[in-house]
file my_file27.csv (CSV, C-alpha atoms and all ligand atoms)
chain,number,residue,atom,x,y,z
N,7,MET,CA,122.5,193.4,74.3
N,8,THR,CA,120.3,192.7,77.2
N,9,PRO,CA,120.7,195.0,80.2
N,10,PRO,CA,122.5,193.1,83.0
N,11,PRO,CA,120.6,191.6,86.0
N,12,ASP,CA,120.5,193.9,89.0
N,13,ILE,CA,122.8,192.1,91.3
N,14,VAL,CA,122.4,193.2,94.9
N,15,ARG,CA,125.5,191.5,96.4
N,16,SER,CA,127.6,188.4,96.5
N,17,ALA,CA,125.4,186.1,98.6
N,18,TYR,CA,126.8,182.6,99.1
N,19,VAL,CA,129.3,179.9,98.1
N,20,ASP,CA,128.6,176.2,97.8
N,21,LEU,CA,131.8,174.3,98.6
N,22,VAL,CA,132.7,170.6,98.4
N,23,VAL,CA,134.5,169.2,101.5
N,24,THR,CA,135.9,165.7,101.9
N,25,ASP,CA,135.0,165.1,105.6
N,26,LEU,CA,131.8,166.9,106.8
N,27,GLU,CA,132.4,166.3,110.5
N,28,ARG,CA,135.9,167.6,110.3
N,29,ALA,CA,134.7,170.6,108.3
N,30,ARG,CA,132.0,171.2,111.0
N,31,ASP,CA,134.7,171.3,113.7
N,32,TRP,CA,136.6,173.9,111.8
N,33,TRP,CA,133.8,176.2,110.4
N,34,VAL,CA,131.5,176.0,113.4
N,35,GLY,CA,133.6,174.9,116.3
N,36,LEU,CA,136.6,177.1,115.5
N,37,LEU,CA,135.3,180.0,113.4
N,38,GLY,CA,131.9,180.2,115.0
N,39,PHE,CA,129.4,180.0,112.1
N,40,HIS,CA,125.8,179.4,112.9
N,41,VAL,CA,124.4,176.1,111.6
N,42,GLN,CA,121.0,177.0,110.0
N,43,ALA,CA,120.2,173.6,108.7
N,44,GLU,CA,121.9,170.2,108.1
N,45,GLU,CA,121.4,167.2,105.9
N,46,PRO,CA,123.3,163.9,106.0
N,47,ASP,CA,125.7,165.2,103.4
N,48,ALA,CA,125.5,169.0,103.8
N,49,LEU,CA,125.7,171.9,106.3
N,50,TYR,CA,124.1,175.3,105.7
N,51,LEU,CA,125.9,178.0,107.6
N,52,ARG,CA,125.4,181.8,108.1
N,53,GLY,CA,126.8,184.6,110.1
N,54,PHE,CA,125.1,186.6,112.8
N,55,GLU,CA,124.2,189.6,110.6
N,56,GLU,CA,122.6,187.5,107.9
N,57,PHE,CA,118.9,187.5,107.7
N,58,VAL,CA,118.5,184.8,105.1
N,59,HIS,CA,119.1,181.0,105.1
N,60,HIS,CA,122.8,180.7,104.4
N,61,SER,CA,126.0,182.2,103.0
N,62,VAL,CA,127.9,178.9,103.0
N,63,VAL,CA,127.0,175.4,102.0
N,64,LEU,CA,129.5,172.7,102.8
N,65,ARG,CA,128.7,169.5,100.9
N,66,THR,CA,130.5,166.2,101.0
N,67,GLY,CA,132.3,165.1,97.8
N,68,PRO,CA,135.3,163.3,96.6
N,69,ALA,CA,137.6,166.3,96.3
N,70,PRO,CA,137.7,169.9,97.5
N,71,ALA,CA,136.1,172.3,95.1
N,72,CYS,CA,133.9,175.3,94.7
N,73,ALA,CA,130.6,174.2,93.2
N,74,ARG,CA,129.0,177.6,92.9
N,75,ILE,CA,129.4,181.3,93.7
N,76,GLY,CA,126.0,182.9,94.4
N,77,PHE,CA,124.7,186.4,93.7
N,78,ARG,CA,121.4,187.7,94.9
N,79,VAL,CA,119.4,189.7,92.4
N,80,ARG,CA,116.9,192.5,93.2
N,81,THR,CA,113.7,191.1,91.5
N,82,ALA,CA,112.4,187.9,89.9
N,83,ASP,CA,112.7,189.6,86.5
N,84,ASP,CA,116.4,189.8,87.0
N,85,LEU,CA,116.6,186.1,86.7
N,86,ASP,CA,115.3,186.4,83.1
N,87,ARG,CA,117.9,189.2,82.5
N,88,ALA,CA,120.6,186.9,83.9
N,89,GLU,CA,119.6,184.1,81.6
N,90,ARG,CA,119.8,186.3,78.6
N,91,PHE,CA,122.9,188.1,79.7
N,92,TYR,CA,124.9,184.9,80.0
N,93,ALA,CA,123.3,183.1,77.0
N,94,GLU,CA,124.3,186.1,74.8
N,95,ARG,CA,127.9,185.5,75.8
N,96,GLY,CA,127.7,181.8,74.8
N,97,CYS,CA,127.5,180.4,78.3
N,98,PRO,CA,125.5,177.3,79.2
N,99,VAL,CA,122.5,178.3,81.3
N,100,LYS,CA,120.2,176.2,83.5
N,101,ARG,CA,117.0,177.3,85.3
N,102,MET,CA,116.7,175.4,88.6
N,103,PRO,CA,113.3,175.1,90.4
N,104,ALA,CA,112.8,176.5,93.9
N,105,GLY,CA,114.1,174.2,96.6
N,106,THR,CA,116.9,172.6,94.5
N,107,THR,CA,119.1,174.0,97.2
N,108,LEU,CA,117.6,174.3,100.7
N,109,GLY,CA,116.5,177.9,101.5
N,110,LEU,CA,116.7,179.1,97.9
N,111,GLY,CA,113.9,179.9,95.4
N,112,GLU,CA,114.3,179.5,91.7
N,113,THR,CA,117.8,180.1,90.4
N,114,VAL,CA,119.7,180.6,87.2
N,115,ARG,CA,123.0,178.6,87.0
N,116,THR,CA,125.7,179.2,84.5
N,117,VAL,CA,129.4,178.8,83.8
N,118,ASP,CA,130.4,182.4,83.0
N,119,PRO,CA,132.9,183.5,80.3
N,120,LEU,CA,135.7,183.2,82.9
N,121,GLY,CA,134.8,179.6,83.5
N,122,PHE,CA,133.3,180.1,87.0
N,123,PRO,CA,130.1,178.4,88.2
N,124,ILE,CA,127.7,181.3,89.0
N,125,GLU,CA,124.2,181.0,90.4
N,126,LEU,CA,121.8,183.9,90.6
N,127,VAL,CA,118.8,183.9,93.0
N,128,HIS,CA,116.1,186.3,94.0
N,129,GLN,CA,114.2,184.5,96.7
N,130,MET,CA,116.1,183.4,99.8
N,131,GLU,CA,114.3,182.1,102.9
N,132,ARG,CA,114.2,184.6,105.7
N,133,VAL,CA,115.2,183.3,109.0
N,134,GLU,CA,115.4,184.4,112.6
N,135,PRO,CA,117.6,187.5,113.1
N,136,LEU,CA,120.5,186.7,115.3
N,137,VAL,CA,122.3,190.1,115.4
N,138,GLN,CA,121.9,190.6,119.1
N,139,ARG,CA,122.0,187.0,120.2
N,140,TYR,CA,125.4,187.6,121.6
N,141,GLU,CA,125.2,184.6,123.8
N,142,LEU,CA,125.4,182.5,120.6
N,143,ARG,CA,128.5,184.1,119.2
N,144,SER,CA,131.8,182.4,119.4
N,145,GLY,CA,135.1,182.0,117.4
N,146,ALA,CA,135.6,185.1,115.2
N,147,SER,CA,131.9,186.3,115.7
N,148,ILE,CA,131.2,186.0,112.0
N,149,ASN,CA,128.8,188.6,110.7
N,150,ARG,CA,128.3,188.0,107.0
N,151,LEU,CA,129.9,187.0,103.7
N,152,ASP,CA,131.8,190.0,102.4
N,153,HIS,CA,133.4,189.0,99.1
N,154,VAL,CA,134.8,186.3,96.8
N,155,ASN,CA,138.3,186.5,95.3
N,156,ILE,CA,138.8,184.4,92.2
N,157,ALA,CA,142.0,183.4,90.4
N,158,THR,CA,141.8,183.8,86.6
N,159,PRO,CA,144.5,183.7,83.9
N,160,ASN,CA,143.3,186.9,82.3
N,161,VAL,CA,142.3,189.7,84.7
N,162,PRO,CA,141.3,192.2,81.9
N,163,VAL,CA,138.5,189.8,80.8
N,164,ALA,CA,137.3,189.5,84.3
N,165,TYR,CA,137.3,193.3,84.8
N,166,HIS,CA,135.3,193.9,81.6
N,167,LEU,CA,132.8,191.1,82.4
N,168,TYR,CA,132.0,192.6,85.8
N,169,ASP,CA,132.0,196.1,84.4
N,170,ASP,CA,129.3,194.9,82.0
N,171,LEU,CA,127.4,193.4,85.0
N,172,GLY,CA,127.3,196.9,86.5
N,173,PHE,CA,129.9,196.5,89.2
N,174,GLY,CA,131.7,199.6,90.5
N,175,LEU,CA,135.5,199.8,90.7
N,176,SER,CA,136.8,200.6,94.2
N,177,GLU,CA,140.6,200.0,94.0
N,178,THR,CA,143.2,198.9,91.6
N,179,ILE,CA,146.9,197.8,91.6
N,180,GLU,CA,148.6,199.2,88.6
N,181,ASP,CA,151.9,200.4,87.2
N,182,THR,CA,151.5,204.1,87.3
N,183,LYS,CA,154.4,204.5,84.8
N,184,THR,CA,152.8,202.3,82.1
N,185,GLY,CA,149.2,202.5,83.0
N,186,THR,CA,149.0,198.8,83.2
N,187,LEU,CA,146.4,197.7,85.7
N,188,TYR,CA,147.3,194.6,87.7
N,189,ALA,CA,144.3,193.8,89.8
N,190,ALA,CA,140.8,195.2,90.5
N,191,TRP,CA,138.3,195.2,93.3
N,192,MET,CA,134.7,195.6,92.3
N,193,PHE,CA,131.4,196.0,94.1
N,194,ARG,CA,127.6,196.0,93.9
N,195,LYS,CA,126.8,196.5,97.6
N,196,GLN,CA,128.3,199.7,99.0
N,197,THR,CA,131.5,198.3,100.4
N,198,VAL,CA,135.0,197.9,98.8
N,199,HIS,CA,134.1,194.7,96.9
N,200,ASP,CA,131.9,191.8,96.2
N,201,MET,CA,134.4,190.3,93.8
N,202,ALA,CA,138.2,190.6,93.4
N,203,PHE,CA,140.3,189.2,90.6
N,204,THR,CA,143.7,187.7,91.2
N,205,LEU,CA,145.9,186.7,88.2
N,206,GLY,CA,146.9,183.0,88.3
N,207,THR,CA,146.0,179.6,87.1
N,208,GLY,CA,142.3,179.5,86.8
N,209,PRO,CA,139.4,179.4,86.9
N,210,MET,CA,140.0,178.7,90.6
N,211,LEU,CA,138.6,180.0,93.9
N,212,HIS,CA,141.3,182.0,95.7
N,213,HIS,CA,139.4,182.9,98.9
N,214,ILE,CA,136.1,183.8,100.4
N,215,ALA,CA,135.9,186.6,103.0
N,216,PHE,CA,133.6,187.1,106.0
N,217,ALA,CA,133.1,190.3,107.8
N,218,VAL,CA,133.4,190.4,111.6
N,219,PRO,CA,132.5,193.4,113.9
N,220,GLU,CA,135.9,194.6,115.0
N,221,SER,CA,139.7,193.9,114.7
N,222,HIS,CA,139.7,192.5,118.2
N,223,ASN,CA,137.5,189.6,117.0
N,224,ILE,CA,140.3,188.6,114.7
N,225,LEU,CA,143.0,188.9,117.4
N,226,GLY,CA,140.8,186.9,119.8
N,227,LEU,CA,140.4,184.1,117.2
N,228,CYS,CA,144.2,184.1,116.8
N,229,ASP,CA,144.6,183.7,120.6
N,230,VAL,CA,142.1,180.8,120.6
N,231,ILE,CA,144.0,179.2,117.7
N,232,GLY,CA,147.2,179.5,119.6
N,233,SER,CA,145.8,178.1,122.8
N,234,ARG,CA,144.4,175.1,121.0
N,235,ASN,CA,147.8,174.6,119.2
N,236,LEU,CA,146.1,175.0,115.8
N,237,ALA,CA,148.4,177.6,114.3
N,238,LYS,CA,148.9,175.4,111.2
N,239,TYR,CA,145.5,176.8,110.0
N,240,ILE,CA,146.8,180.4,109.9
N,241,GLU,CA,148.3,181.2,106.5
N,242,ARG,CA,148.8,185.0,106.6
N,243,GLY,CA,148.3,187.8,109.0
N,244,PRO,CA,146.8,189.2,111.0
N,245,GLY,CA,147.5,192.5,109.3
N,246,ARG,CA,146.2,195.6,107.7
N,247,HIS,CA,145.6,195.6,104.0
N,248,GLY,CA,146.6,198.6,101.9
N,249,VAL,CA,143.9,197.9,99.3
N,250,SER,CA,140.5,198.1,101.1
N,251,ASN,CA,142.0,199.3,104.5
N,252,ALA,CA,140.7,196.1,106.0
N,253,PHE,CA,142.2,194.4,109.0
N,254,TYR,CA,142.6,190.7,107.9
N,255,LEU,CA,143.5,187.2,108.7
N,256,TYR,CA,143.8,184.3,106.2
N,257,LEU,CA,143.1,180.8,107.2
N,258,ARG,CA,143.0,177.5,105.3
N,259,ASP,CA,140.7,174.6,106.3
N,260,ASP,CA,141.7,171.0,106.1
N,261,ASP,CA,140.5,170.8,102.5
N,262,GLY,CA,142.5,173.9,101.5
N,263,HIS,CA,139.6,176.3,101.3
N,264,ARG,CA,141.0,179.7,102.1
N,265,VAL,CA,138.9,181.9,104.4
N,266,GLU,CA,139.7,185.6,105.1
N,267,ILE,CA,138.4,187.1,108.2
N,268,TYR,CA,137.9,190.8,107.4
N,269,THR,CA,136.8,194.0,109.0
N,270,THR,CA,137.0,197.9,108.8
N,271,ASP,CA,136.8,198.5,105.0
N,272,TYR,CA,134.8,201.6,104.0
N,273,PHE,CA,131.7,203.0,102.3
N,274,THR,CA,131.7,203.2,98.5
N,275,GLY,CA,128.1,204.2,97.8
N,276,ASP,CA,128.5,207.9,96.8
N,277,PRO,CA,127.9,208.3,93.0
N,278,ASP,CA,131.2,210.3,92.6
N,279,HIS,CA,133.2,207.6,94.3
N,280,GLU,CA,136.7,207.5,92.7
N,281,PRO,CA,138.8,204.4,92.6
N,282,ILE,CA,142.0,204.3,94.7
N,283,ARG,CA,144.9,203.3,92.5
N,284,TRP,CA,147.9,201.6,94.2
N,285,ASP,CA,151.2,201.5,92.4
N,286,VAL,CA,152.3,197.9,91.9
N,287,HIS,CA,155.7,198.7,93.4
N,288,ASP,CA,154.2,200.0,96.6
N,289,GLU,CA,154.9,197.2,99.2
N,290,ARG,CA,152.0,198.5,101.3
N,291,ARG,CA,149.4,197.5,98.7
N,292,ARG,CA,148.8,194.0,100.0
N,293,ASP,CA,149.9,194.7,103.6
N,294,PHE,CA,149.9,198.3,104.8
N,295,TRP,CA,152.8,197.5,107.2
N,296,ALA,CA,154.8,196.1,104.3
N,297,ASN,CA,155.0,192.6,105.9
N,298,PRO,CA,156.1,190.1,103.2
N,299,ILE,CA,153.4,187.9,101.8
N,300,VAL,CA,153.9,184.2,102.4
N,301,PRO,CA,154.5,182.3,99.1
N,302,THR,CA,151.6,179.8,99.7
N,303,TRP,CA,149.2,182.7,99.6
N,304,TYR,CA,150.2,183.2,96.0
N,305,GLN,CA,150.1,179.6,95.1
N,306,GLY,CA,147.1,177.7,96.4
N,307,SER,CA,143.6,177.9,95.0
N,308,VAL,CA,140.7,175.5,94.8
N,309,GLY,CA,139.2,174.2,91.6
N,310,VAL,CA,135.6,174.9,90.4
N,311,LEU,CA,132.9,172.6,89.0
N,312,ASP,CA,130.7,172.8,85.9
N,313,LEU,CA,127.0,172.5,85.8
N,314,ASP,CA,127.3,168.7,85.9
N,315,GLY,CA,129.7,168.7,88.8
N,316,ASN,CA,132.8,168.0,86.8
N,317,THR,CA,136.1,169.9,87.5
N,318,ILE,CA,136.6,172.7,85.0
N,319,PRO,CA,140.1,172.5,83.4
N,320,THR,CA,142.4,175.3,84.3
N,321,ARG,CA,144.7,177.5,82.2
N,322,ASP,CA,147.9,179.0,83.5
N,323,GLN,CA,148.2,182.7,83.9
N,324,GLU,CA,149.1,184.7,80.9
N,325,GLU,CA,152.1,186.9,81.3
N,326,ALA,CA,150.9,189.4,78.7
N,327,THR,CA,147.4,190.0,77.4
N,328,THR,CA,146.5,190.3,73.8
N,329,GLU,CA,145.1,193.6,72.6
N,330,LYS,CA,141.9,191.9,71.9
N,331,GLU,CA,141.5,190.6,75.4
N,332,ALA,CA,142.6,193.8,77.0
N,333,ALA,CA,140.2,195.8,74.7
N,334,GLY,CA,138.7,198.8,76.2
N,335,PRO,CA,140.3,202.2,76.5
N,336,ARG,CA,139.5,202.7,80.2
N,337,VAL,CA,141.8,200.2,81.7
N,338,LYS,CA,144.4,197.6,81.0
N,339,VAL,CA,144.9,194.8,83.6
N,340,GLY,CA,148.0,192.8,84.1
N,341,ALA,CA,149.3,190.8,87.0
N,342,ASP,CA,149.8,191.3,90.7
N,343,GLY,CA,148.1,188.7,92.7
N,344,LEU,CA,149.6,185.4,91.8
N,345,GLY,CA,151.7,186.9,89.0
N,346,ILE,CA,155.3,187.8,88.8
N,347,ILE,CA,156.0,191.5,88.6
N,348,VAL,CA,158.4,192.3,85.8
N,349,GLU,CA,160.2,195.5,86.1
N,350,ASP,CA,160.3,197.5,82.9
F,401,FE,FE,139.9,189.3,100.3
call {"tool": "encode", "arguments": {"input": "my_file27.csv", "output": "structure tokens", "more": "lines below"}}
Ligand SMILES: [Fe+2]
result
Amino acid sequence: MTPPPDIVRSAYVDLVVTDLERARDWWVGLLGFHVQAEEPDALYLRGFEEFVHHSVVLRTGPAPACARIGFRVRTADDLDRAERFYAERGCPVKRMPAGTTLGLGETVRTVDPLGFPIELVHQMERVEPLVQRYELRSGASINRLDHVNIATPNVPVAYHLYDDLGFGLSETIEDTKTGTLYAAWMFRKQTVHDMAFTLGTGPMLHHIAFAVPESHNILGLCDVIGSRNLAKYIERGPGRHGVSNAFYLYLRDDDGHRVEIYTTDYFTGDPDHEPIRWDVHDERRRDFWANPIVPTWYQGSVGVLDLDGNTIPTRDQEEATTEKEAAGPRVKVGADGLGIIVED
């Protein structure tokens, strides 16, 4: 088998929105993203700690969707490795010339074995650093894309795919009595995660998360939302996660795209880093203060598109995994996320 591409980090998402001006009001006017570029049907956004063209593309379309999840790879040769890696797994692969998306060099697009549209890129246009342009910051003072959380009907398959891609495992939710693993957080950059897997109807995008400097940026955003009487956009939080230790807030835009505002997770770069394993019955795993999780958080996700822009059909979550799908002696993954926990 081909060695995997050397993925540096999760780098961007390409989202379909139904009303671009309404989306601009929310993403830019409320959350405070920087507009790097715009076209009649698209906005290219980034945070203030991002030195390349964008981490979010909002593109007008008929229905909300996630068109692509982008990974940045270390070298141009990694695009060749990516092409072979996914082709060997029976995935459709398309090589896209530089400039197909504003700010991006040549890319490899695929629909991965989980059914998600993935794009890998090496060259991204460098742009003016804005880290210390404090006068431009507003909203939540968005720094950068941190991670993508996907809903998939079989988490073990997701775990093994990303293990094959060289992702590290930072935290799990599992049943410590049976050894069944219910959810996994996996990373390439040296934070808690670039990707997380939530069991549920999929393939669907559960949420994308953006790092902000400090917890007070999240509290400040909540106050502004309250002052503007826009609390309908707050779905969950603010709170402290058990998994990842992050301080968080979940919002949903007018199209249902779920955005997590996220800060204060931790470094995972030491080579002897050991995963932290949460018991599935520990109510602090999702919220460290054991606040109940609102049902909508477990229910709503956004569909994903294939290489031709068509919605990929979804499958419902599987209550039990077959031995074949859960193959691998290291770990078995079941359901926490969107799943129902069954006591044994
Ligand atoms: Fe998250």
call {"tool": "residues_around", "arguments": {"input": "my_file27.csv", "residues": "stretch 233-247 of chain N", "least_positions_apart": "3", "cutoff": "8 Å", "atoms": "all atoms listed in the file", "output": "list in words"}}
result
Ile224, Leu225, Asp229, Val230, Ser250, Asn251, Ala252, Phe253, Tyr254, Leu255, Tyr256, Leu257, Arg258, Asp259, Asp260, Arg290, Arg291, Arg292, Asp293, Phe294, Trp295, Ile299, Val300, Thr302 and Trp303 of chain N
call {"tool": "residues_near_ligand", "arguments": {"input": "my_file27.csv", "ligand": "ligand FE 401 (chain F)", "cutoff": "7 Å", "atoms": "all atoms listed in the file", "output": "list in words"}}
result
His153, Val154, Asn155, His213, Ile214, Ala215 and Glu266 of chain N
call {"tool": "closest_atom_pairs", "arguments": {"input": "my_file27.csv", "of": "stretch 48-124 of chain N", "to": "stretch 164-177 of chain N", "cutoff": "9 Å", "atoms": "all atoms listed in the file", "output": "tab-separated table"}}
result
residue	atom	partner	partner_atom	distance
N:Phe91	CA	N:Leu171	CA	8.7
N:Pro119	CA	N:Leu167	CA	7.9
N:Leu120	CA	N:Ala164	CA	6.6
call {"tool": "closest_residue", "arguments": {"input": "my_file27.csv", "among": "N:Tyr18, N:Phe57, N:Tyr272, N:Tyr92", "to": "N:Glu131", "atoms": "only C-alpha atoms"}}
result
N:Phe57
call {"tool": "closest_residue", "arguments": {"input": "my_file27.csv", "among": "N:His59, N:Lys195, N:His212, N:Arg28", "to": "N:Leu108", "atoms": "only C-alpha atoms"}}
result
N:His59
call {"tool": "atom_distance", "arguments": {"input": "my_file27.csv", "atom1": "atom CA of N:Glu289", "atom2": "atom CA of N:Pro301"}}
result
14.9 Å
call {"tool": "atom_distance", "arguments": {"input": "my_file27.csv", "atom1": "atom CA of N:Arg15", "atom2": "atom CA of N:Pro219"}}
result
18.9 Å
call {"tool": "residues_around", "arguments": {"input": "my_file27.csv", "residues": "N:Ala157", "least_positions_apart": "2", "cutoff": "12 Å", "atoms": "only C-alpha atoms", "output": "compact mmCIF listing (two decimals) with C-alpha atoms, in the frame of the given file"}}
result
# COMPACT_ATOMS: atom_id res chain seq x y z
CA LEU N 120 135.70 183.20 82.90
CA GLY N 121 134.80 179.60 83.50
CA PHE N 122 133.30 180.10 87.00
CA VAL N 154 134.80 186.30 96.80
CA ASN N 155 138.30 186.50 95.30
CA PRO N 159 144.50 183.70 83.90
CA ASN N 160 143.30 186.90 82.30
CA VAL N 161 142.30 189.70 84.70
CA ALA N 164 137.30 189.50 84.30
CA ALA N 189 144.30 193.80 89.80
CA ALA N 190 140.80 195.20 90.50
CA MET N 201 134.40 190.30 93.80
CA ALA N 202 138.20 190.60 93.40
CA PHE N 203 140.30 189.20 90.60
CA THR N 204 143.70 187.70 91.20
CA LEU N 205 145.90 186.70 88.20
CA GLY N 206 146.90 183.00 88.30
CA THR N 207 146.00 179.60 87.10
CA GLY N 208 142.30 179.50 86.80
CA PRO N 209 139.40 179.40 86.90
CA MET N 210 140.00 178.70 90.60
CA LEU N 211 138.60 180.00 93.90
CA HIS N 212 141.30 182.00 95.70
CA HIS N 213 139.40 182.90 98.90
CA ILE N 214 136.10 183.80 100.40
CA TRP N 303 149.20 182.70 99.60
CA TYR N 304 150.20 183.20 96.00
CA GLN N 305 150.10 179.60 95.10
CA GLY N 306 147.10 177.70 96.40
CA SER N 307 143.60 177.90 95.00
CA VAL N 308 140.70 175.50 94.80
CA GLY N 309 139.20 174.20 91.60
CA VAL N 310 135.60 174.90 90.40
CA THR N 320 142.40 175.30 84.30
CA ARG N 321 144.70 177.50 82.20
CA ASP N 322 147.90 179.00 83.50
CA GLN N 323 148.20 182.70 83.90
CA GLU N 324 149.10 184.70 80.90
CA ALA N 341 149.30 190.80 87.00
CA ASP N 342 149.80 191.30 90.70
CA GLY N 343 148.10 188.70 92.70
CA LEU N 344 149.60 185.40 91.80
CA GLY N 345 151.70 186.90 89.00
call {"tool": "atom_distance", "arguments": {"input": "my_file27.csv", "atom1": "atom CA of N:Leu142", "atom2": "atom CA of N:Val79"}}
result
29.7 Å
call {"tool": "decode", "arguments": {"input": "my_file27.csv", "residues": "stretch 110-123 of chain N", "atoms": "C-alpha atoms", "output": "short mmCIF file (atom, residue, chain, number, x, y, z; two decimals), in the first residue's frame"}}
result
data_model
loop_
_atom_site.label_atom_id
_atom_site.label_comp_id
_atom_site.auth_asym_id
_atom_site.auth_seq_id
_atom_site.Cartn_x
_atom_site.Cartn_y
_atom_site.Cartn_z
CA LEU N 110 -5.44 27.44 -3.82
CA GLY N 111 -2.82 25.70 -5.94
CA GLU N 112 -3.33 22.31 -7.51
CA THR N 113 -5.55 20.02 -5.46
CA VAL N 114 -6.67 16.41 -5.24
CA ARG N 115 -10.37 15.88 -4.66
CA THR N 116 -11.93 12.63 -3.58
CA VAL N 117 -14.93 11.12 -1.86
CA ASP N 118 -13.33 9.09 0.89
CA PRO N 119 -14.41 5.62 2.05
CA LEU N 120 -16.68 7.26 4.63
CA GLY N 121 -18.46 9.20 1.87
CA PHE N 122 -16.99 12.62 2.67
CA PRO N 123 -15.75 15.07 0.03
#
